[in-house]
>>> print(open('data.tsv').read())   # TSV, C-alpha atoms
chain	number	residue	atom	x	y	z
Y	1416	MET	CA	30.51	2.79	14.36
Y	1417	SER	CA	29.08	1.63	11.05
Y	1418	VAL	CA	27.32	3.90	8.58
Y	1419	THR	CA	23.92	2.45	9.49
Y	1420	ASP	CA	24.47	3.09	13.20
Y	1421	GLU	CA	25.55	6.63	12.42
Y	1422	LEU	CA	22.36	7.23	10.39
Y	1423	LYS	CA	20.21	5.81	13.17
Y	1424	ALA	CA	21.90	8.03	15.75
Y	1425	ALA	CA	21.27	11.08	13.56
Y	1426	VAL	CA	17.59	10.18	13.16
Y	1427	GLN	CA	17.32	9.60	16.91
Y	1428	ALA	CA	18.85	12.99	17.68
Y	1429	GLN	CA	16.47	14.75	15.31
Y	1430	THR	CA	13.40	12.92	16.63
Y	1431	ASN	CA	14.32	13.81	20.19
Y	1432	LYS	CA	14.77	17.43	19.19
Y	1433	SER	CA	11.30	17.70	17.67
Y	1434	GLY	CA	9.92	16.74	21.08
Y	1435	ASP	CA	6.98	14.48	20.17
Y	1436	ALA	CA	6.20	10.80	19.92
Y	1437	GLY	CA	8.00	10.30	16.61
Y	1438	HIS	CA	6.71	9.08	13.28
Y	1439	PRO	CA	3.32	7.32	13.64
Y	1440	MET	CA	4.61	4.36	11.63
Y	1441	GLU	CA	7.28	3.63	14.23
Y	1442	ASP	CA	4.77	1.57	16.24
Y	1443	PHE	CA	4.09	-0.56	13.21
Y	1444	LEU	CA	7.59	-1.15	11.85
Y	1445	ARG	CA	10.67	-2.96	13.11
Y	1446	MET	CA	12.70	0.21	13.39
Y	1447	ASP	CA	16.01	-1.64	13.69
Y	1448	ARG	CA	15.58	-2.63	10.02
Y	1449	ILE	CA	14.75	0.86	8.74
Y	1450	PRO	CA	15.97	2.45	6.41
Y	1451	HIS	CA	14.62	-0.19	4.07
Y	1452	ILE	CA	16.23	-1.48	0.87
Y	1453	TRP	CA	13.61	-0.21	-1.58
Y	1454	CYS	CA	14.87	2.17	-4.26
Y	1455	PRO	CA	14.13	5.90	-4.15
Y	1456	THR	CA	10.66	6.54	-5.69
Y	1457	CYS	CA	9.63	2.89	-5.34
Y	1458	GLY	CA	5.93	2.52	-4.53
Y	1459	ILE	CA	6.05	-0.33	-2.01
Y	1460	GLY	CA	6.58	1.94	1.01
Y	1461	VAL	CA	3.33	3.71	0.15
Y	1462	VAL	CA	1.49	0.39	0.22
Y	1463	VAL	CA	2.93	-0.38	3.67
Y	1464	ASN	CA	1.73	3.04	4.89
Y	1465	CYS	CA	-1.76	2.41	3.56
Y	1466	PHE	CA	-1.87	-1.10	5.00
Y	1467	ALA	CA	-0.95	0.27	8.44
Y	1468	ARG	CA	-3.62	2.94	8.13
Y	1469	ALA	CA	-6.20	0.33	7.12
Y	1470	LEU	CA	-5.42	-1.82	10.19
Y	1471	GLU	CA	-5.58	1.28	12.36
Y	1472	LYS	CA	-8.99	2.26	10.96
Y	1473	ILE	CA	-10.42	-1.24	11.46
Y	1474	GLY	CA	-9.14	-1.12	15.04
Y	1475	ILE	CA	-8.11	-4.78	15.13
Y	1476	PRO	CA	-5.43	-5.68	17.73
Y	1477	LEU	CA	-2.13	-6.28	15.95
Y	1478	ASP	CA	-1.75	-9.62	17.73
Y	1479	ASP	CA	-4.68	-10.96	15.71
Y	1480	VAL	CA	-3.08	-10.23	12.34
Y	1481	ALA	CA	-0.45	-12.23	10.49
Y	1482	VAL	CA	1.38	-11.11	7.36
Y	1483	VAL	CA	2.82	-13.64	4.92
Y	1484	SER	CA	5.12	-12.69	2.05
Y	1485	GLY	CA	6.96	-14.56	-0.61
Y	1486	ILE	CA	10.25	-13.64	-2.23
Y	1487	GLY	CA	10.94	-10.40	-4.05
Y	1488	CYS	CA	11.00	-6.68	-3.40
Y	1489	THR	CA	7.48	-6.76	-1.97
Y	1490	GLY	CA	8.36	-9.91	-0.07
Y	1491	ARG	CA	10.47	-7.75	2.23
Y	1492	VAL	CA	7.28	-6.33	3.76
Y	1493	ALA	CA	7.05	-9.31	6.12
Y	1494	GLY	CA	10.46	-8.43	7.52
Y	1495	TYR	CA	9.65	-4.77	8.13
Y	1496	VAL	CA	6.24	-4.91	9.83
Y	1497	LYS	CA	6.24	-5.43	13.59
Y	1498	ILE	CA	3.42	-7.98	13.65
Y	1499	ASP	CA	3.53	-11.76	13.32
Y	1500	SER	CA	4.91	-12.38	9.87
Y	1501	PHE	CA	6.56	-15.04	7.79
Y	1502	HIS	CA	8.83	-14.78	4.77
Y	1503	THR	CA	8.14	-17.94	2.79
Y	1504	THR	CA	9.86	-19.58	-0.16
Y	1505	HIS	CA	9.28	-18.23	-3.64
Y	1506	GLY	CA	5.65	-18.41	-4.71
Y	1507	ARG	CA	4.47	-20.28	-1.64
Y	1508	ALA	CA	3.00	-17.42	0.37
Y	1509	ILE	CA	-0.60	-18.44	-0.29
Y	1510	PRO	CA	-0.25	-22.13	0.73
Y	1511	PHE	CA	1.48	-21.05	3.93
Y	1512	ALA	CA	-1.29	-18.52	4.62
Y	1513	THR	CA	-3.92	-21.19	3.94
Y	1514	GLY	CA	-2.33	-23.47	6.52
Y	1515	LEU	CA	-2.08	-20.62	8.99
Y	1516	LYS	CA	-5.73	-19.78	8.54
Y	1517	LEU	CA	-6.89	-23.37	8.94
Y	1518	GLY	CA	-4.69	-23.86	11.99
Y	1519	ASN	CA	-6.12	-20.78	13.69
Y	1520	PRO	CA	-9.32	-19.54	12.01
Y	1521	LYS	CA	-9.54	-16.57	14.39
Y	1522	LEU	CA	-6.41	-15.06	12.88
Y	1523	LYS	CA	-6.66	-12.41	10.17
Y	1524	VAL	CA	-4.21	-13.63	7.55
Y	1525	VAL	CA	-2.90	-11.20	4.94
Y	1526	VAL	CA	-0.62	-12.06	2.04
Y	1527	ILE	CA	1.37	-9.07	0.76
Y	1528	SER	CA	3.55	-10.02	-2.13
Y	1529	GLY	CA	4.55	-9.15	-5.65
Y	1530	ASP	CA	3.11	-10.12	-9.00
Y	1531	GLY	CA	6.02	-12.40	-9.87
Y	1532	ASP	CA	5.65	-14.27	-6.62
Y	1533	LEU	CA	1.86	-14.55	-6.46
Y	1534	VAL	CA	0.73	-15.16	-10.02
Y	1535	SER	CA	3.83	-16.31	-11.91
Y	1536	ILE	CA	5.65	-18.75	-9.69
Y	1537	GLY	CA	2.77	-19.23	-7.26
Y	1538	GLY	CA	0.06	-18.98	-9.90
Y	1539	ASN	CA	-1.30	-22.43	-9.24
Y	1540	HIS	CA	-1.65	-21.76	-5.52
Y	1541	PHE	CA	-3.40	-18.48	-6.26
Y	1542	VAL	CA	-5.91	-20.22	-8.51
Y	1543	HIS	CA	-6.72	-22.97	-6.04
Y	1544	ALA	CA	-6.93	-20.78	-2.94
Y	1545	ALA	CA	-9.42	-18.57	-4.79
Y	1546	ARG	CA	-11.35	-21.61	-6.04
Y	1547	ARG	CA	-11.68	-22.96	-2.50
Y	1548	ASN	CA	-12.44	-19.46	-1.20
Y	1549	VAL	CA	-10.03	-19.68	1.72
Y	1550	ASP	CA	-10.62	-16.74	4.04
Y	1551	ILE	CA	-7.43	-14.74	3.36
Y	1552	THR	CA	-6.70	-11.29	1.95
Y	1553	VAL	CA	-4.18	-11.01	-0.88
Y	1554	ILE	CA	-2.57	-7.65	-1.59
Y	1555	CYS	CA	-0.57	-7.89	-4.81
Y	1556	VAL	CA	1.89	-5.11	-5.56
Y	1557	ASN	CA	2.24	-5.21	-9.32
Y	1558	ASN	CA	5.37	-3.63	-10.79
Y	1559	PHE	CA	5.27	-5.60	-14.07
Y	1560	ASN	CA	8.60	-7.47	-13.72
Y	1561	TYR	CA	10.84	-9.56	-11.47
Y	1562	ALA	CA	12.54	-6.54	-9.98
Y	1563	MET	CA	14.76	-8.01	-7.29
Y	1564	THR	CA	16.52	-10.49	-9.57
Y	1565	GLY	CA	17.38	-7.87	-12.18
Y	1566	GLY	CA	14.24	-7.19	-14.17
Y	1567	GLN	CA	13.31	-10.37	-16.02
Y	1568	MET	CA	10.10	-10.47	-17.97
Y	1569	ALA	CA	7.15	-11.62	-15.83
Y	1570	ALA	CA	3.67	-12.93	-16.54
Y	1571	THR	CA	2.29	-9.42	-16.02
Y	1572	SER	CA	4.73	-7.48	-18.25
Y	1573	PRO	CA	2.66	-5.62	-20.86
Y	1574	THR	CA	3.14	-6.53	-24.52
Y	1575	ASP	CA	6.03	-4.57	-26.12
Y	1576	SER	CA	7.66	-3.74	-22.77
Y	1577	ILE	CA	11.46	-3.87	-22.86
Y	1578	LEU	CA	13.07	-5.79	-20.02
Y	1579	THR	CA	16.30	-7.66	-19.34
Y	1580	THR	CA	15.07	-10.87	-20.95
Y	1581	SER	CA	13.04	-9.15	-23.66
Y	1582	PRO	CA	15.46	-6.61	-25.20
Y	1583	TYR	CA	13.35	-6.30	-28.39
Y	1584	GLY	CA	10.06	-6.06	-26.53
Y	1585	ASN	CA	7.76	-8.61	-24.98
Y	1586	PHE	CA	5.64	-10.51	-27.52
Y	1587	GLU	CA	3.57	-12.47	-25.01
Y	1588	THR	CA	0.09	-11.62	-23.76
Y	1589	PRO	CA	0.21	-10.67	-20.06
Y	1590	PHE	CA	-2.15	-11.69	-17.30
Y	1591	ASN	CA	-5.07	-9.44	-16.53
Y	1592	LEU	CA	-5.02	-9.95	-12.76
Y	1593	PRO	CA	-8.55	-8.79	-11.81
Y	1594	PHE	CA	-9.98	-10.97	-14.61
Y	1595	LEU	CA	-7.94	-13.94	-13.41
Y	1596	ALA	CA	-9.00	-13.43	-9.79
Y	1597	GLU	CA	-12.67	-13.05	-10.65
Y	1598	SER	CA	-12.80	-16.03	-12.96
Y	1599	VAL	CA	-11.34	-18.38	-10.36
Y	1600	GLY	CA	-13.74	-17.19	-7.67
Y	1601	ALA	CA	-12.38	-14.30	-5.59
Y	1602	THR	CA	-15.14	-12.54	-3.63
Y	1603	TYR	CA	-13.63	-9.05	-3.74
Y	1604	VAL	CA	-11.44	-7.67	-6.52
Y	1605	ALA	CA	-10.13	-4.11	-6.72
Y	1606	ARG	CA	-7.28	-2.36	-8.46
Y	1607	TRP	CA	-5.66	0.96	-7.51
Y	1608	THR	CA	-2.34	2.58	-8.17
Y	1609	ALA	CA	0.21	3.67	-5.58
Y	1610	LEU	CA	-1.00	7.24	-6.03
Y	1611	HIS	CA	-4.59	6.51	-4.88
Y	1612	ILE	CA	-3.77	6.64	-1.18
Y	1613	HIS	CA	-7.23	6.97	0.33
Y	1614	ARG	CA	-8.93	4.71	-2.18
Y	1615	GLN	CA	-6.44	1.90	-1.73
Y	1616	THR	CA	-6.77	2.23	2.04
Y	1617	GLU	CA	-10.56	1.91	1.71
Y	1618	ALA	CA	-10.11	-1.08	-0.60
Y	1619	MET	CA	-7.83	-2.74	1.96
Y	1620	ILE	CA	-10.40	-2.12	4.71
Y	1621	ASP	CA	-13.14	-3.67	2.56
Y	1622	ALA	CA	-10.93	-6.63	1.71
Y	1623	LEU	CA	-9.82	-7.21	5.30
Y	1624	THR	CA	-13.35	-7.11	6.71
Y	1625	LYS	CA	-14.98	-9.23	4.00
Y	1626	PRO	CA	-14.95	-13.02	4.48
Y	1627	GLY	CA	-13.52	-15.12	1.70
Y	1628	PHE	CA	-10.66	-14.78	-0.75
Y	1629	THR	CA	-10.26	-11.06	-1.32
Y	1630	PHE	CA	-7.81	-9.58	-3.81
Y	1631	VAL	CA	-6.44	-6.05	-4.10
Y	1632	GLU	CA	-4.02	-5.26	-6.91
Y	1633	ILE	CA	-1.88	-2.16	-6.52
Y	1634	LEU	CA	0.16	-0.85	-9.43
Y	1635	ALA	CA	3.47	0.50	-8.15
Y	1636	PRO	CA	6.35	2.19	-9.98
Y	1637	CYS	CA	9.62	0.31	-10.37
Y	1638	PRO	CA	12.01	3.18	-11.18
Y	1639	THR	CA	15.18	1.14	-11.45
Y	1640	ILE	CA	14.07	-1.36	-14.06
Y	1641	PHE	CA	10.62	-1.10	-15.59
Y	1642	GLU	CA	10.43	2.69	-15.74
Y	1643	ARG	CA	14.07	3.13	-16.78
Y	1644	ARG	CA	14.09	0.53	-19.53
Y	1645	ASN	CA	10.76	1.62	-20.95
Y	1646	LYS	CA	11.65	5.34	-20.85
Y	1647	PHE	CA	8.97	6.35	-18.36
Y	1648	GLY	CA	11.35	8.51	-16.33
Y	1649	ASP	CA	11.53	7.85	-12.60
Y	1650	GLY	CA	8.87	6.93	-10.06
Y	1651	LEU	CA	7.61	10.48	-9.76
Y	1652	ASP	CA	7.03	10.67	-13.52
Y	1653	ARG	CA	5.24	7.37	-13.29
Y	1654	LEU	CA	2.94	8.71	-10.55
Y	1655	ASN	CA	2.18	11.66	-12.82
Y	1656	TYR	CA	1.44	9.17	-15.56
Y	1657	TYR	CA	-0.99	7.36	-13.24
Y	1658	TYR	CA	-2.56	10.71	-12.39
Y	1659	GLU	CA	-3.18	11.54	-16.04
Y	1660	HIS	CA	-4.04	8.13	-17.44
Y	1661	SER	CA	-5.98	6.27	-14.76
Y	1662	GLU	CA	-9.74	6.18	-15.04
Y	1663	ILE	CA	-12.02	5.08	-12.20
Y	1664	LYS	CA	-14.72	2.67	-13.32
Y	1665	HIS	CA	-16.38	0.80	-10.48
Y	1666	GLY	CA	-18.05	-2.44	-11.50
Y	1667	GLU	CA	-16.39	-2.54	-14.92
Y	1668	PRO	CA	-16.40	-6.10	-16.37
Y	1669	THR	CA	-12.93	-7.35	-15.54
Y	1670	ALA	CA	-12.36	-8.63	-19.08
Y	1671	ASN	CA	-11.95	-4.98	-20.15
Y	1672	VAL	CA	-9.33	-3.90	-17.62
Y	1673	ASP	CA	-6.12	-5.01	-19.35
Y	1674	VAL	CA	-3.06	-2.85	-18.71
Y	1675	GLY	CA	-1.10	-1.99	-21.83
Y	1676	LEU	CA	2.30	-0.36	-21.96
Y	1677	ARG	CA	1.10	3.18	-22.69
Y	1678	THR	CA	-2.66	2.84	-22.58
Y	1679	LYS	CA	-5.31	4.03	-20.19
Y	1680	ILE	CA	-5.29	2.30	-16.79
Y	1681	ILE	CA	-8.73	1.34	-15.51
Y	1682	VAL	CA	-8.91	1.27	-11.73
Y	1683	GLY	CA	-11.74	0.71	-9.28
Y	1684	LYS	CA	-13.65	-1.91	-7.39
Y	1685	PHE	CA	-14.66	-4.56	-9.86
Y	1686	VAL	CA	-16.14	-7.47	-7.90
Y	1687	ASP	CA	-17.90	-7.62	-4.52
Y	1688	LYS	CA	-19.95	-10.79	-4.04
Y	1689	ASP	CA	-20.67	-13.36	-1.35
Y	1690	ARG	CA	-19.70	-17.01	-1.38
Y	1691	PRO	CA	-19.35	-19.47	1.54
Y	1692	THR	CA	-15.74	-19.78	2.66
Y	1693	TRP	CA	-13.87	-23.09	2.64
Y	1694	LEU	CA	-14.32	-23.68	6.39
Y	1695	ASP	CA	-18.03	-22.79	6.30
Y	1696	SER	CA	-18.59	-25.13	3.36
Y	1697	MET	CA	-16.75	-27.96	5.08
Y	1698	ASN	CA	-18.65	-27.51	8.35
Y	1699	SER	CA	-22.10	-27.25	6.75
Y	1700	HIS	CA	-21.47	-30.11	4.33
Y	1701	LEU	CA	-20.16	-32.55	6.93
Y	1702	LYS	CA	-22.88	-31.53	9.38
Y	1703	ARG	CA	-25.45	-32.41	6.73
Y	1704	LYS	CA	-23.82	-35.74	5.91
Y	1705	LEU	CA	-22.82	-36.91	9.38
Y	1706	GLY	CA	-25.35	-35.23	11.65
Y	1707	ASP	CA	-24.48	-35.40	15.35
Y	1708	ARG	CA	-21.35	-37.43	14.78
Y	1709	PHE	CA	-19.60	-34.31	13.44
Y	1710	THR	CA	-18.39	-31.42	15.59
Y	1711	PRO	CA	-17.89	-28.25	13.57
Y	1712	TYR	CA	-14.27	-27.11	13.43
Y	1713	GLU	CA	-13.84	-23.73	15.12
Y	1714	GLY	CA	-10.07	-23.72	15.55
O	1209	MET	CA	-31.11	43.27	25.84
O	1210	ARG	CA	-29.84	46.35	24.10
O	1211	ILE	CA	-26.95	46.19	21.74
O	1212	ARG	CA	-24.49	48.12	23.90
O	1213	GLU	CA	-24.96	45.62	26.73
O	1214	HIS	CA	-23.48	42.72	24.73
O	1215	LYS	CA	-19.93	42.07	25.72
O	1216	LYS	CA	-18.99	40.49	22.40
O	1217	PRO	CA	-19.68	42.09	19.04
O	1218	PHE	CA	-22.36	40.60	16.82
O	1219	GLY	CA	-21.72	38.46	13.79
O	1220	PHE	CA	-19.98	35.20	13.22
O	1221	GLU	CA	-16.58	34.54	14.59
O	1222	LYS	CA	-13.81	34.49	12.07
O	1223	PRO	CA	-13.49	31.03	10.60
O	1224	SER	CA	-10.51	28.99	11.66
O	1225	ARG	CA	-8.78	26.21	9.79
O	1226	PRO	CA	-6.65	23.37	11.09
O	1227	HIS	CA	-2.91	23.77	11.02
O	1228	GLY	CA	-0.20	21.15	11.18
O	1229	LYS	CA	3.42	21.23	12.22
O	1230	ILE	CA	5.55	19.46	9.62
O	1231	ILE	CA	8.38	17.27	10.87
O	1232	ILE	CA	10.90	15.98	8.33
O	1233	ILE	CA	13.38	13.30	9.33
O	1234	ASP	CA	16.20	14.34	7.00
O	1235	GLU	CA	18.41	11.29	7.32
O	1236	ARG	CA	15.69	8.86	6.27
O	1237	CYS	CA	14.77	10.80	3.11
O	1238	LYS	CA	15.76	9.53	-0.35
O	1239	GLY	CA	14.71	12.69	-2.17
O	1240	CYS	CA	11.97	11.14	-4.30
O	1241	GLY	CA	9.87	14.32	-4.32
O	1242	PHE	CA	6.46	12.64	-3.89
O	1243	CYS	CA	5.54	14.90	-0.98
O	1244	VAL	CA	6.68	18.02	-2.84
O	1245	GLU	CA	4.73	17.15	-5.99
O	1246	TYR	CA	1.49	16.04	-4.35
O	1247	CYS	CA	1.15	18.39	-1.35
O	1248	PRO	CA	-2.31	19.93	-1.95
O	1249	GLN	CA	-1.21	23.25	-0.41
O	1250	ASP	CA	2.25	23.43	-2.07
O	1251	VAL	CA	3.93	23.72	1.30
O	1252	LEU	CA	7.10	21.80	0.52
O	1253	GLU	CA	10.06	22.27	-1.74
O	1254	LEU	CA	13.26	20.28	-2.25
O	1255	SER	CA	16.05	22.01	-0.38
O	1256	GLU	CA	19.58	22.79	-1.53
O	1257	ARG	CA	21.26	21.00	1.35
O	1258	PHE	CA	22.32	17.36	1.37
O	1259	ASN	CA	21.65	14.69	3.96
O	1260	LYS	CA	24.17	12.03	4.92
O	1261	LYS	CA	23.14	9.75	2.06
O	1262	GLY	CA	23.57	12.56	-0.46
O	1263	TYR	CA	19.92	13.27	-1.20
O	1264	HIS	CA	18.12	16.61	-1.02
O	1265	PRO	CA	15.45	16.38	1.70
O	1266	PRO	CA	12.35	18.61	1.38
O	1267	GLU	CA	11.81	21.70	3.49
O	1268	ALA	CA	8.64	23.56	4.46
O	1269	VAL	CA	8.81	26.89	2.62
O	1270	ASN	CA	5.14	27.78	3.09
O	1271	ASP	CA	4.66	26.47	6.61
O	1272	HIS	CA	1.55	28.46	7.58
O	1273	ALA	CA	-0.47	27.01	4.65
O	1274	CYS	CA	-0.33	23.44	6.01
O	1275	VAL	CA	-3.79	22.13	6.95
O	1276	ASN	CA	-2.60	18.87	8.57
O	1277	CYS	CA	-4.18	16.64	5.90
O	1278	GLY	CA	-1.42	14.06	6.33
O	1279	PHE	CA	-1.06	13.34	2.62
O	1280	CYS	CA	2.72	13.75	2.79
O	1281	ARG	CA	2.97	11.17	5.55
O	1282	MET	CA	0.85	8.69	3.60
O	1283	ILE	CA	2.68	9.06	0.29
O	1284	CYS	CA	6.21	9.07	1.72
O	1285	PRO	CA	7.69	5.64	0.94
O	1286	GLU	CA	10.54	6.20	3.40
O	1287	PHE	CA	8.46	7.04	6.53
O	1288	ALA	CA	10.45	10.29	6.73
O	1289	ILE	CA	7.81	13.03	7.04
O	1290	TYR	CA	4.75	13.50	9.23
O	1291	THR	CA	2.55	16.24	10.62
O	1292	VAL	CA	1.23	16.86	14.10
O	1293	GLU	CA	-1.84	18.87	15.08
O	1294	ASP	CA	-1.02	22.48	15.89
O	1295	GLU	CA	-3.03	25.51	17.03
O	1296	PRO	CA	-5.77	26.32	14.45
O	1297	VAL	CA	-5.13	29.38	12.30
O	1298	ILE	CA	-7.85	32.05	12.44
O	1299	GLY	CA	-8.78	33.92	9.29
>>> encode(input="data.tsv", output="structure tokens")
Amino acid sequence: MSVTDELKAAVQAQTNKSGDAGHPMEDFLRMDRIPHIWCPTCGIGVVVNCFARALEKIGIPLDDVAVVSGIGCTGRVAGYVKIDSFHTTHGRAIPFATGLKLGNPKLKVVVISGDGDLVSIGGNHFVHAARRNVDITVICVNNFNYAMTGGQMAATSPTDSILTTSPYGNFETPFNLPFLAESVGATYVARWTALHIHRQTEAMIDALTKPGFTFVEILAPCPTIFERRNKFGDGLDRLNYYYEHSEIKHGEPTANVDVGLRTKIIVGKFVDKDRPTWLDSMNSHLKRKLGDRFTPYEG
Amino acid sequence: MRIREHKKPFGFEKPSRPHGKIIIIDERCKGCGFCVEYCPQDVLELSERFNKKGYHPPEAVNDHACVNCGFCRMICPEFAIYTVEDEPVIG
């Protein structure tokens, strides 16, 4: 009997003893893969909890949802959720999700991935999916570095942050993700931290129910690399830091919401506007040009 | 009707508040302390005992104060703690 089997047997025995249905997340997760590989005090598990709660509150059947992830710590989400999911190559989660959406427009397609995957390696795909306004939801878990490969500096690492490839501090200017998403045309942009449980759940509900390219950024602690190298303590200290330093400003112009290394973190819902989605634009445009010769594409 | 004919005494009933039973799955816990730090009723505390992985799982030291808000279940990154509805506490 391996160690993992032994752990699972112990959990099973305890769950049976408590005499109820078990943890509510057990219906949502592939329990044969739990315990997961995320470090103690990592924030990604919280995001998975909130995502499950958001789907539960919307009341959508799980068969109508698909989750796409890229590579990285957050990319593991696709392997742990018990709904249709795909673990794509590095940076290509959004193009895969676009194809999935166009192949079956009735599907609710969600991309859950990290900052390194979505906006560094897959930055071009992010820009063009938002420009076309493809009807997908992107949940970006931002931990400010490439955590799974050992903590290299990413496009979101704040200036002066110390990482494996920037031992004397980062001298580059990082991306401001809400500003990027708004300027290329996302219809919904919000940012919360892993501590804002109810608010991030509400943001996910808004993003999932709104048509168009919707973007939710969630700041999560990375205790093993970012917090350790920059002397923030562990993930719990980082949550306390979020508690003390985050300021809610709904509708703040996204140009002002940069995240510095030890500055105030501005969170909130920044953008909520309406634009025709890619499929709607295509159908209405071709209907106008071709008249009766064109049959609108419904999937 | 005269007062002595009422079966129940006058006045409002004592207010009741919801109560939850806390269930901690010890072997899944990685001892991060999120639930202990952010429980709004300060119900939990890290215990002295170890689980199989060598972490200290939390324990409910102030069990009757739990109001079944579910915050611990939402903030637990390991899916190791949850609450179930229990009999409401009166007073």
>>> interface_residues(input="data.tsv", of="chain O", to="chain Y", cutoff="12 Å", atoms="all atoms listed in the file", output="PyMOL selection string")
chain O and resi 1229-1246+1259-1261+1263-1264+1277-1293
>>> write_last_selection(input="data.tsv", atoms="C-alpha atoms", output="compact mmCIF listing (two decimals), in the frame of the given file")
# COMPACT_ATOMS: atom_id res chain seq x y z
CA LYS O 1229 3.42 21.23 12.22
CA ILE O 1230 5.55 19.46 9.62
CA ILE O 1231 8.38 17.27 10.87
CA ILE O 1232 10.90 15.98 8.33
CA ILE O 1233 13.38 13.30 9.33
CA ASP O 1234 16.20 14.34 7.00
CA GLU O 1235 18.41 11.29 7.32
CA ARG O 1236 15.69 8.86 6.27
CA CYS O 1237 14.77 10.80 3.11
CA LYS O 1238 15.76 9.53 -0.35
CA GLY O 1239 14.71 12.69 -2.17
CA CYS O 1240 11.97 11.14 -4.30
CA GLY O 1241 9.87 14.32 -4.32
CA PHE O 1242 6.46 12.64 -3.89
CA CYS O 1243 5.54 14.90 -0.98
CA VAL O 1244 6.68 18.02 -2.84
CA GLU O 1245 4.73 17.15 -5.99
CA TYR O 1246 1.49 16.04 -4.35
CA ASN O 1259 21.65 14.69 3.96
CA LYS O 1260 24.17 12.03 4.92
CA LYS O 1261 23.14 9.75 2.06
CA TYR O 1263 19.92 13.27 -1.20
CA HIS O 1264 18.12 16.61 -1.02
CA CYS O 1277 -4.18 16.64 5.90
CA GLY O 1278 -1.42 14.06 6.33
CA PHE O 1279 -1.06 13.34 2.62
CA CYS O 1280 2.72 13.75 2.79
CA ARG O 1281 2.97 11.17 5.55
CA MET O 1282 0.85 8.69 3.60
CA ILE O 1283 2.68 9.06 0.29
CA CYS O 1284 6.21 9.07 1.72
CA PRO O 1285 7.69 5.64 0.94
CA GLU O 1286 10.54 6.20 3.40
CA PHE O 1287 8.46 7.04 6.53
CA ALA O 1288 10.45 10.29 6.73
CA ILE O 1289 7.81 13.03 7.04
CA TYR O 1290 4.75 13.50 9.23
CA THR O 1291 2.55 16.24 10.62
CA VAL O 1292 1.23 16.86 14.10
CA GLU O 1293 -1.84 18.87 15.08
>>> closest_residue(input="data.tsv", among="Y:Leu1676, Y:Val1492, Y:Ile1681, Y:Ile1486", to="Lys1664 of chain Y", atoms="all atoms listed in the file")
Y:Ile1681
>>> atom_distance(input="data.tsv", atom1="atom CA of Ser1581 of chain Y", atom2="atom CA of His1660 of chain Y")
25.1 Å
>>> residues_around(input="data.tsv", residues="segment 1693-1703 of chain Y", least_positions_apart="5", cutoff="8 Å", atoms="only C-alpha atoms", output="number ranges by chain")
Y: 1517, 1547-1550, 1709-1712
>>> closest_residue(input="data.tsv", among="Y:Ala1562, Y:Ala1469, Y:Ala1601, Y:Val1480", to="Lys1521 of chain Y", atoms="all atoms listed in the file")
Y:Val1480
